[in-house]
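Next up, work_17.cif (mmCIF, C-alpha atoms and all ligand atoms; chains and numbers go by the auth columns):
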data_my_file
#
loop_
_atom_site.group_PDB
_atom_site.id
_atom_site.type_symbol
_atom_site.label_atom_id
_atom_site.label_comp_id
_atom_site.label_asym_id
_atom_site.label_seq_id
_atom_site.Cartn_x
_atom_site.Cartn_y
_atom_site.Cartn_z
_atom_site.B_iso_or_equiv
_atom_site.auth_seq_id
_atom_site.auth_asym_id
ATOM 1 C CA MET A 1 7.354 -0.155 7.716 0.00 1 A
ATOM 2 C CA ALA A 2 8.465 3.315 6.750 0.00 2 A
ATOM 3 C CA LYS A 3 10.873 3.795 3.876 0.00 3 A
ATOM 4 C CA ILE A 4 13.778 6.151 4.459 0.00 4 A
ATOM 5 C CA LEU A 5 15.882 7.813 1.793 0.00 5 A
ATOM 6 C CA ILE A 6 19.498 8.562 2.707 0.00 6 A
ATOM 7 C CA VAL A 7 21.015 11.299 0.549 0.00 7 A
ATOM 8 C CA GLU A 8 24.720 11.174 1.370 0.00 8 A
ATOM 9 C CA ASP A 9 27.830 11.128 -0.812 0.00 9 A
ATOM 10 C CA GLU A 10 30.115 9.649 1.834 0.00 10 A
ATOM 11 C CA SER A 11 29.485 5.989 1.214 0.00 11 A
ATOM 12 C CA LYS A 12 30.825 4.848 4.581 0.00 12 A
ATOM 13 C CA ILE A 13 28.361 6.987 6.481 0.00 13 A
ATOM 14 C CA ALA A 14 25.512 6.074 4.137 0.00 14 A
ATOM 15 C CA ARG A 15 26.260 2.388 4.543 0.00 15 A
ATOM 16 C CA PHE A 16 26.526 2.628 8.320 0.00 16 A
ATOM 17 C CA VAL A 17 23.214 4.448 8.667 0.00 17 A
ATOM 18 C CA GLU A 18 21.579 2.059 6.199 0.00 18 A
ATOM 19 C CA LEU A 19 22.581 -0.964 8.272 0.00 19 A
ATOM 20 C CA GLU A 20 21.319 0.607 11.473 0.00 20 A
ATOM 21 C CA LEU A 21 18.009 1.577 9.909 0.00 21 A
ATOM 22 C CA LYS A 22 17.519 -1.852 8.368 0.00 22 A
ATOM 23 C CA TYR A 23 18.283 -3.407 11.730 0.00 23 A
ATOM 24 C CA GLU A 24 15.451 -1.287 13.157 0.00 24 A
ATOM 25 C CA GLY A 25 13.174 -2.623 10.428 0.00 25 A
ATOM 26 C CA TYR A 26 13.053 0.355 8.066 0.00 26 A
ATOM 27 C CA ASP A 27 13.255 0.046 4.305 0.00 27 A
ATOM 28 C CA VAL A 28 16.155 2.089 2.969 0.00 28 A
ATOM 29 C CA GLU A 29 17.145 3.735 -0.273 0.00 29 A
ATOM 30 C CA ILE A 30 20.393 5.556 -0.877 0.00 30 A
ATOM 31 C CA ALA A 31 21.216 8.412 -3.221 0.00 31 A
ATOM 32 C CA ALA A 32 24.832 9.578 -3.494 0.00 32 A
ATOM 33 C CA ASP A 33 24.202 13.013 -4.970 0.00 33 A
ATOM 34 C CA GLY A 34 21.641 15.784 -4.785 0.00 34 A
ATOM 35 C CA ARG A 35 20.057 15.246 -8.177 0.00 35 A
ATOM 36 C CA THR A 36 19.373 11.547 -7.572 0.00 36 A
ATOM 37 C CA GLY A 37 18.216 12.360 -4.062 0.00 37 A
ATOM 38 C CA LEU A 38 15.716 14.909 -5.300 0.00 38 A
ATOM 39 C CA GLU A 39 14.395 12.531 -7.920 0.00 39 A
ATOM 40 C CA LYS A 40 13.950 9.675 -5.468 0.00 40 A
ATOM 41 C CA ALA A 41 12.410 11.905 -2.804 0.00 41 A
ATOM 42 C CA LEU A 42 9.770 13.101 -5.243 0.00 42 A
ATOM 43 C CA HIS A 43 9.113 10.007 -7.289 0.00 43 A
ATOM 44 C CA SER A 44 9.162 7.027 -5.000 0.00 44 A
ATOM 45 C CA ASP A 45 7.230 6.078 -1.897 0.00 45 A
ATOM 46 C CA ILE A 46 9.656 7.677 0.560 0.00 46 A
ATOM 47 C CA ASP A 47 8.360 8.392 4.083 0.00 47 A
ATOM 48 C CA LEU A 48 11.343 10.363 5.357 0.00 48 A
ATOM 49 C CA VAL A 49 14.527 11.871 3.933 0.00 49 A
ATOM 50 C CA LEU A 50 17.913 12.038 5.675 0.00 50 A
ATOM 51 C CA LEU A 51 19.606 14.772 3.742 0.00 51 A
ATOM 52 C CA ASP A 52 23.291 15.624 3.930 0.00 52 A
ATOM 53 C CA ILE A 53 24.025 19.298 3.286 0.00 53 A
ATOM 54 C CA MET A 54 27.468 18.946 1.688 0.00 54 A
ATOM 55 C CA LEU A 55 26.697 17.118 -1.547 0.00 55 A
ATOM 56 C CA PRO A 56 28.279 17.201 -4.992 0.00 56 A
ATOM 57 C CA GLY A 57 26.144 18.900 -7.628 0.00 57 A
ATOM 58 C CA ILE A 58 23.031 20.320 -6.003 0.00 58 A
ATOM 59 C CA SER A 59 23.573 21.105 -2.313 0.00 59 A
ATOM 60 C CA GLY A 60 21.412 19.589 0.385 0.00 60 A
ATOM 61 C CA ILE A 61 19.900 22.998 1.101 0.00 61 A
ATOM 62 C CA GLU A 62 18.791 23.318 -2.518 0.00 62 A
ATOM 63 C CA VAL A 63 17.493 19.732 -2.578 0.00 63 A
ATOM 64 C CA CYS A 64 15.473 20.529 0.543 0.00 64 A
ATOM 65 C CA ARG A 65 14.039 23.666 -1.032 0.00 65 A
ATOM 66 C CA ARG A 66 13.025 21.823 -4.178 0.00 66 A
ATOM 67 C CA ILE A 67 11.461 18.897 -2.310 0.00 67 A
ATOM 68 C CA ARG A 68 9.355 21.375 -0.358 0.00 68 A
ATOM 69 C CA LEU A 69 7.949 22.886 -3.537 0.00 69 A
ATOM 70 C CA GLU A 70 6.207 19.585 -4.175 0.00 70 A
ATOM 71 C CA SER A 71 6.145 17.447 -1.074 0.00 71 A
ATOM 72 C CA ALA A 72 5.588 17.521 2.683 0.00 72 A
ATOM 73 C CA VAL A 73 7.774 14.441 3.312 0.00 73 A
ATOM 74 C CA PRO A 74 9.688 14.821 6.609 0.00 74 A
ATOM 75 C CA ILE A 75 13.320 15.873 6.111 0.00 75 A
ATOM 76 C CA ILE A 76 16.147 15.592 8.630 0.00 76 A
ATOM 77 C CA MET A 77 19.252 17.494 7.539 0.00 77 A
ATOM 78 C CA LEU A 78 22.713 16.095 8.280 0.00 78 A
ATOM 79 C CA THR A 79 25.920 18.040 8.243 0.00 79 A
ATOM 80 C CA ALA A 80 29.521 17.685 9.269 0.00 80 A
ATOM 81 C CA LYS A 81 29.718 21.328 10.170 0.00 81 A
ATOM 82 C CA ASP A 82 28.346 22.558 13.428 0.00 82 A
ATOM 83 C CA ASP A 83 27.294 25.638 11.580 0.00 83 A
ATOM 84 C CA VAL A 84 24.410 27.702 12.869 0.00 84 A
ATOM 85 C CA THR A 85 23.903 29.344 9.470 0.00 85 A
ATOM 86 C CA ASP A 86 23.414 25.987 7.755 0.00 86 A
ATOM 87 C CA LYS A 87 21.031 24.956 10.464 0.00 87 A
ATOM 88 C CA VAL A 88 18.924 28.096 10.166 0.00 88 A
ATOM 89 C CA VAL A 89 18.897 27.999 6.363 0.00 89 A
ATOM 90 C CA GLY A 90 17.964 24.306 6.395 0.00 90 A
ATOM 91 C CA LEU A 91 15.060 24.878 8.743 0.00 91 A
ATOM 92 C CA ASP A 92 13.997 27.933 6.729 0.00 92 A
ATOM 93 C CA MET A 93 13.894 25.739 3.646 0.00 93 A
ATOM 94 C CA GLY A 94 11.404 23.509 5.390 0.00 94 A
ATOM 95 C CA ALA A 95 13.569 20.807 6.970 0.00 95 A
ATOM 96 C CA ASP A 96 11.883 19.223 9.997 0.00 96 A
ATOM 97 C CA ASP A 97 14.999 18.613 12.030 0.00 97 A
ATOM 98 C CA TYR A 98 18.741 18.794 11.976 0.00 98 A
ATOM 99 C CA MET A 99 21.676 16.663 13.138 0.00 99 A
ATOM 100 C CA THR A 100 25.359 17.419 13.290 0.00 100 A
ATOM 101 C CA LYS A 101 27.825 14.695 12.356 0.00 101 A
ATOM 102 C CA PRO A 102 29.182 12.730 14.043 0.00 102 A
ATOM 103 C CA PHE A 103 25.917 11.787 15.740 0.00 103 A
ATOM 104 C CA ALA A 104 24.910 8.988 18.039 0.00 104 A
ATOM 105 C CA ILE A 105 22.776 6.576 16.047 0.00 105 A
ATOM 106 C CA GLU A 106 20.320 6.282 18.939 0.00 106 A
ATOM 107 C CA GLU A 107 19.650 9.992 18.757 0.00 107 A
ATOM 108 C CA LEU A 108 19.115 9.834 15.018 0.00 108 A
ATOM 109 C CA LEU A 109 16.684 6.936 15.445 0.00 109 A
ATOM 110 C CA ALA A 110 14.774 8.876 18.098 0.00 110 A
ATOM 111 C CA ARG A 111 14.485 11.912 15.836 0.00 111 A
ATOM 112 C CA ILE A 112 13.337 9.762 12.935 0.00 112 A
ATOM 113 C CA ARG A 113 10.573 8.310 15.104 0.00 113 A
ATOM 114 C CA VAL A 114 9.490 11.785 16.198 0.00 114 A
ATOM 115 C CA ALA A 115 9.452 13.140 12.636 0.00 115 A
ATOM 116 C CA LEU A 116 7.507 10.159 11.262 0.00 116 A
ATOM 117 C CA ASN A 117 5.056 10.285 14.131 0.00 117 A
ATOM 118 C CA ARG A 118 4.451 14.008 13.828 0.00 118 A
ATOM 119 C CA HIS A 119 3.981 13.722 10.097 0.00 119 A
ATOM 120 C CA SER A 120 1.434 10.917 10.369 0.00 120 A
ATOM 121 C CA LYS A 121 -0.730 13.203 12.523 0.00 121 A
ATOM 122 C CA ILE A 122 -0.822 16.009 9.989 0.00 122 A
ATOM 123 C CA VAL A 123 -4.165 15.973 8.311 0.00 123 A
ATOM 124 C CA GLN A 124 -3.589 16.320 4.609 0.00 124 A
ATOM 125 C CA PRO A 125 -5.750 19.111 3.262 0.00 125 A
ATOM 126 C CA LYS A 126 -8.678 17.801 1.294 0.00 126 A
ATOM 127 C CA VAL A 127 -8.694 18.580 -2.368 0.00 127 A
ATOM 128 C CA ASP A 128 -11.360 21.154 -2.931 0.00 128 A
ATOM 129 C CA VAL A 129 -13.739 20.086 -5.674 0.00 129 A
ATOM 130 C CA LEU A 130 -16.677 21.800 -7.295 0.00 130 A
ATOM 131 C CA GLN A 131 -18.962 19.355 -9.060 0.00 131 A
ATOM 132 C CA MET A 132 -21.927 19.656 -11.395 0.00 132 A
ATOM 133 C CA GLY A 133 -23.097 16.393 -12.876 0.00 133 A
ATOM 134 C CA GLU A 134 -20.196 14.882 -14.776 0.00 134 A
ATOM 135 C CA LEU A 135 -18.254 18.123 -14.638 0.00 135 A
ATOM 136 C CA LYS A 136 -15.696 18.472 -11.870 0.00 136 A
ATOM 137 C CA LEU A 137 -13.417 21.396 -11.068 0.00 137 A
ATOM 138 C CA ASN A 138 -10.376 20.876 -8.893 0.00 138 A
ATOM 139 C CA LEU A 139 -10.080 24.238 -7.164 0.00 139 A
ATOM 140 C CA THR A 140 -6.613 23.428 -5.865 0.00 140 A
ATOM 141 C CA SER A 141 -4.969 22.578 -9.166 0.00 141 A
ATOM 142 C CA HIS A 142 -7.321 24.671 -11.333 0.00 142 A
ATOM 143 C CA SER A 143 -8.096 21.734 -13.561 0.00 143 A
ATOM 144 C CA ALA A 144 -11.429 20.610 -14.954 0.00 144 A
ATOM 145 C CA PHE A 145 -12.711 17.129 -15.739 0.00 145 A
ATOM 146 C CA TYR A 146 -15.659 15.724 -17.583 0.00 146 A
ATOM 147 C CA GLY A 147 -16.123 12.239 -16.202 0.00 147 A
ATOM 148 C CA ASP A 148 -12.564 10.947 -15.997 0.00 148 A
ATOM 149 C CA GLU A 149 -11.326 13.048 -18.868 0.00 149 A
ATOM 150 C CA GLU A 150 -9.351 16.199 -18.175 0.00 150 A
ATOM 151 C CA LEU A 151 -10.423 19.223 -20.180 0.00 151 A
ATOM 152 C CA THR A 152 -7.706 21.290 -21.793 0.00 152 A
ATOM 153 C CA LEU A 153 -8.789 24.736 -20.722 0.00 153 A
ATOM 154 C CA THR A 154 -6.751 27.914 -20.757 0.00 154 A
ATOM 155 C CA LYS A 155 -6.463 29.852 -17.512 0.00 155 A
ATOM 156 C CA LYS A 156 -9.185 32.280 -18.571 0.00 156 A
ATOM 157 C CA GLU A 157 -11.530 29.552 -19.773 0.00 157 A
ATOM 158 C CA TYR A 158 -11.129 27.787 -16.446 0.00 158 A
ATOM 159 C CA GLU A 159 -11.811 30.980 -14.495 0.00 159 A
ATOM 160 C CA LEU A 160 -14.898 31.735 -16.549 0.00 160 A
ATOM 161 C CA LEU A 161 -16.216 28.222 -16.024 0.00 161 A
ATOM 162 C CA GLU A 162 -15.525 28.347 -12.293 0.00 162 A
ATOM 163 C CA TYR A 163 -17.307 31.675 -11.968 0.00 163 A
ATOM 164 C CA LEU A 164 -20.383 30.422 -13.826 0.00 164 A
ATOM 165 C CA ILE A 165 -20.526 27.243 -11.764 0.00 165 A
ATOM 166 C CA ARG A 166 -20.133 29.105 -8.480 0.00 166 A
ATOM 167 C CA ASN A 167 -23.102 31.199 -9.556 0.00 167 A
ATOM 168 C CA LYS A 168 -25.078 28.332 -11.045 0.00 168 A
ATOM 169 C CA ASN A 169 -28.805 28.805 -11.651 0.00 169 A
ATOM 170 C CA ILE A 170 -28.303 32.570 -11.769 0.00 170 A
ATOM 171 C CA ALA A 171 -28.256 34.495 -15.035 0.00 171 A
ATOM 172 C CA ILE A 172 -24.975 36.395 -15.225 0.00 172 A
ATOM 173 C CA THR A 173 -24.589 39.456 -17.414 0.00 173 A
ATOM 174 C CA ARG A 174 -21.630 39.900 -19.744 0.00 174 A
ATOM 175 C CA GLU A 175 -20.632 42.968 -17.748 0.00 175 A
ATOM 176 C CA GLN A 176 -20.546 40.925 -14.544 0.00 176 A
ATOM 177 C CA LEU A 177 -18.374 38.319 -16.207 0.00 177 A
ATOM 178 C CA LEU A 178 -16.038 40.951 -17.543 0.00 178 A
ATOM 179 C CA ASN A 179 -15.728 42.603 -14.146 0.00 179 A
ATOM 180 C CA ASN A 180 -15.259 39.399 -12.182 0.00 180 A
ATOM 181 C CA VAL A 181 -13.347 37.127 -14.512 0.00 181 A
ATOM 182 C CA TRP A 182 -11.283 39.636 -16.455 0.00 182 A
ATOM 183 C CA ASP A 183 -11.016 42.331 -13.794 0.00 183 A
ATOM 184 C CA TYR A 184 -11.749 44.952 -16.441 0.00 184 A
ATOM 185 C CA GLU A 185 -13.860 47.934 -15.746 0.00 185 A
ATOM 186 C CA TYR A 186 -16.763 47.519 -18.110 0.00 186 A
ATOM 187 C CA LEU A 187 -16.096 49.837 -21.041 0.00 187 A
ATOM 188 C CA GLY A 188 -18.841 48.753 -23.348 0.00 188 A
ATOM 189 C CA ASP A 189 -17.161 45.976 -25.284 0.00 189 A
ATOM 190 C CA THR A 190 -18.234 42.560 -24.091 0.00 190 A
ATOM 191 C CA ASN A 191 -17.228 40.643 -27.209 0.00 191 A
ATOM 192 C CA VAL A 192 -14.431 38.933 -25.381 0.00 192 A
ATOM 193 C CA VAL A 193 -16.984 37.235 -23.105 0.00 193 A
ATOM 194 C CA ASP A 194 -18.888 35.829 -26.072 0.00 194 A
ATOM 195 C CA VAL A 195 -15.664 34.591 -27.613 0.00 195 A
ATOM 196 C CA TYR A 196 -14.681 32.714 -24.456 0.00 196 A
ATOM 197 C CA ILE A 197 -18.176 31.350 -23.964 0.00 197 A
ATOM 198 C CA ARG A 198 -17.868 29.956 -27.489 0.00 198 A
ATOM 199 C CA TYR A 199 -14.533 28.301 -26.613 0.00 199 A
ATOM 200 C CA LEU A 200 -16.055 26.695 -23.528 0.00 200 A
ATOM 201 C CA ARG A 201 -19.051 25.446 -25.488 0.00 201 A
ATOM 202 C CA GLN A 202 -16.769 23.885 -28.067 0.00 202 A
ATOM 203 C CA LYS A 203 -14.729 22.169 -25.392 0.00 203 A
ATOM 204 C CA ILE A 204 -17.626 21.000 -23.218 0.00 204 A
ATOM 205 C CA ASP A 205 -21.137 21.277 -24.708 0.00 205 A
ATOM 206 C CA ASP A 206 -20.209 20.329 -28.272 0.00 206 A
ATOM 207 C CA LYS A 207 -17.652 17.745 -27.284 0.00 207 A
ATOM 208 C CA TYR A 208 -19.874 15.861 -24.855 0.00 208 A
ATOM 209 C CA GLY A 209 -23.218 16.591 -26.481 0.00 209 A
ATOM 210 C CA ILE A 210 -24.670 18.396 -23.477 0.00 210 A
ATOM 211 C CA ARG A 211 -26.323 21.727 -22.854 0.00 211 A
ATOM 212 C CA LEU A 212 -24.293 23.208 -20.021 0.00 212 A
ATOM 213 C CA ILE A 213 -23.940 26.870 -20.857 0.00 213 A
ATOM 214 C CA ASN A 214 -27.211 28.507 -21.772 0.00 214 A
ATOM 215 C CA THR A 215 -27.801 31.919 -23.274 0.00 215 A
ATOM 216 C CA VAL A 216 -30.317 34.119 -21.518 0.00 216 A
ATOM 217 C CA ARG A 217 -31.561 36.476 -24.188 0.00 217 A
ATOM 218 C CA GLY A 218 -31.007 40.140 -23.374 0.00 218 A
ATOM 219 C CA VAL A 219 -29.112 39.231 -20.207 0.00 219 A
ATOM 220 C CA GLY A 220 -26.123 36.945 -20.563 0.00 220 A
ATOM 221 C CA TYR A 221 -25.389 33.362 -19.618 0.00 221 A
ATOM 222 C CA ILE A 222 -26.411 30.761 -17.095 0.00 222 A
ATOM 223 C CA ILE A 223 -25.294 27.304 -16.033 0.00 223 A
ATOM 224 C CA LYS A 224 -28.148 25.261 -14.646 0.00 224 A
ATOM 225 C CA ASP A 225 -28.303 22.117 -12.589 0.00 225 A
ATOM 226 C CA GLU A 226 -29.475 19.284 -14.767 0.00 226 A
ATOM 227 C CA LYS A 227 -32.989 18.434 -13.808 0.00 227 A
HETATM 228 CA CA CA B . 28.635 14.954 2.260 0.00 1 B
#

Target format structure tokens, applied to this file:
Amino acid sequence: MAKILIVEDESKIARFVELELKYEGYDVEIAADGRTGLEKALHSDIDLVLLDIMLPGISGIEVCRRIRLESAVPIIMLTAKDDVTDKVVGLDMGADDYMTKPFAIEELLARIRVALNRHSKIVQPKVDVLQMGELKLNLTSHSAFYGDEELTLTKKEYELLEYLIRNKNIAITREQLLNNVWDYEYLGDTNVVDVYIRYLRQKIDDKYGIRLINTVRGVGYIIKDEK
């Protein structure tokens, strides 16, 4: 059964809604302020958040905004005020629905069912992965792995590696790398490419004892599929 987080500082209301939800078979967690609510929404297995707007500390609007930076969990905003501004701001911040207190519990239950149902139909985007042998690039998070181990690459090292892998089995000139990875117009100095190639070799080839990045004499570099 779905787990619902109630973020509400008025304990009477929180308790009342909790009992009703439990009666319907939902698991319930309660947070009495915005900070706790945010933490629970992001770090436990919550399926839906009932979020009061008027909260001590961080407001419900701000909690909603911050949840949305990291999570697509359905959010239904609750407020005592029948305030159109709050409603619009809440929905702008990514809330799924909105209820004005006092509300009929049946209506709240209906909206919870709708939000949970709609959410379950959203296809989560697949993580985009580029793989070559043991080497895996997560194109969404810009992270790289060798086997199960995450490589500690700088942004530029990652971009260089991604570019080489996207163009695998093709010899890439230093000028090309400079133009595509660094966005510089080629002005004759390609040392920076060699320096970064050296960093990547230290972090991948040397570390794992493989020959990933090959020098093509007089041309540049190439990453080849292992044969
Ligand atoms: Ca409140």

* Between CA of Tyr221 in chain A and CA of Lys156 in chain A, what is the spacing in Å? ->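 CA of Tyr221 in chain A lies 16.3 Å from CA of Lys156 in chain A.
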
* Between CA of Ala80 in chain A and CA of Ala104 in chain A - distance in Å to one decimal ->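 These atoms are spaced 13.2 Å apart.
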
* To do: Step by step, work through what the PyMOL selection byres (((chain A and resi 48) around 6) and not hetatm) selects in the shown file, and finish by giving those residues as a PyMOL selection string.
  => chain A and resi 4+46-47+49+73-75

* **Atomic separation - CA of Glu8 in chain A relative to CA of Leu51 in chain A, Å** =>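 One can read the CA of Leu51 in chain A to CA of Glu8 in chain A distance as 6.7 Å.
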
* To do: Give me the result of the PyMOL selection byres (((chain A and resi 2) around 12) and not hetatm) on this file, residue by residue, as a PyMOL selection string.
  => chain A and resi 1+3-5+21-22+24-29+45-49+73-74+112-113+115-117+119-120

Extending 3 Å beyond the listed atoms of range 151-166 of chain A on each side, what axis-aligned box results? I want centre and edge lengths in Å to one decimal, as AutoDock Vina command-line options.
--center_x -13.5 --center_y 25.8 --center_z -15.1 --size_x 20.1 --size_y 19.1 --size_z 19.3

* Resolved residues for the PyMOL selection byres (((chain A and resi 176-183) around 10) and not hetatm) as a list of chain:residue names ->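 With the shown file as input, the PyMOL selection byres (((chain A and resi 176-183) around 10) and not hetatm) matches A:Lys156, A:Glu157, A:Tyr158, A:Glu159, A:Leu160, A:Leu161, A:Glu162, A:Tyr163, A:Leu164, A:Ile172, A:Thr173, A:Arg174, A:Glu175, A:Tyr184, A:Glu185, A:Tyr186, A:Leu187, A:Asp189, A:Thr190, A:Asn191, A:Val192, A:Val193, A:Gly220, A:Tyr221.
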
Expected selection as a compact mmCIF listing (two decimals) with C-alpha atoms, in the coordinates of the input for ligand CA 1 (chain B) within 9 Å, all atoms listed in the file:
# COMPACT_ATOMS: atom_id res chain seq x y z
CA VAL A 7 21.02 11.30 0.55
CA GLU A 8 24.72 11.17 1.37
CA ASP A 9 27.83 11.13 -0.81
CA GLU A 10 30.12 9.65 1.83
CA ALA A 32 24.83 9.58 -3.49
CA ASP A 33 24.20 13.01 -4.97
CA ASP A 52 23.29 15.62 3.93
CA ILE A 53 24.02 19.30 3.29
CA MET A 54 27.47 18.95 1.69
CA LEU A 55 26.70 17.12 -1.55
CA PRO A 56 28.28 17.20 -4.99
CA GLY A 60 21.41 19.59 0.38
CA LEU A 78 22.71 16.10 8.28
CA THR A 79 25.92 18.04 8.24
CA ALA A 80 29.52 17.68 9.27

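Residue nearest Lys168 in chain A within the list A:Asp225, A:Cys64, A:Leu109, A:Lys203: A:Asp225 [criterion: smallest interatomic distance, only C-alpha atoms].
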
* Asked: Which one of A:Gly147, A:Arg166, A:Lys40, A:Arg201 sits closest to Leu135 in chain A if you count all atoms listed in the file?
  ->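 Closest to Leu135 in chain A of all the choices is A:Gly147.
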
* Structure fact -> If you count all atoms listed in the file, the residue of A:Met77, A:Ala144, A:Ile223, A:Ile58 closest to Arg111 in chain A turns out to be A:Met77

* Can you pull out every residue within 12 Å of Glu150 in chain A, counting only C-alpha atoms, but drop anything in the same chain fewer than 2 positions away, and send it as a VMD selection string? => chain A and resid 134 to 138 141 to 148 152 to 153 158 203 to 204
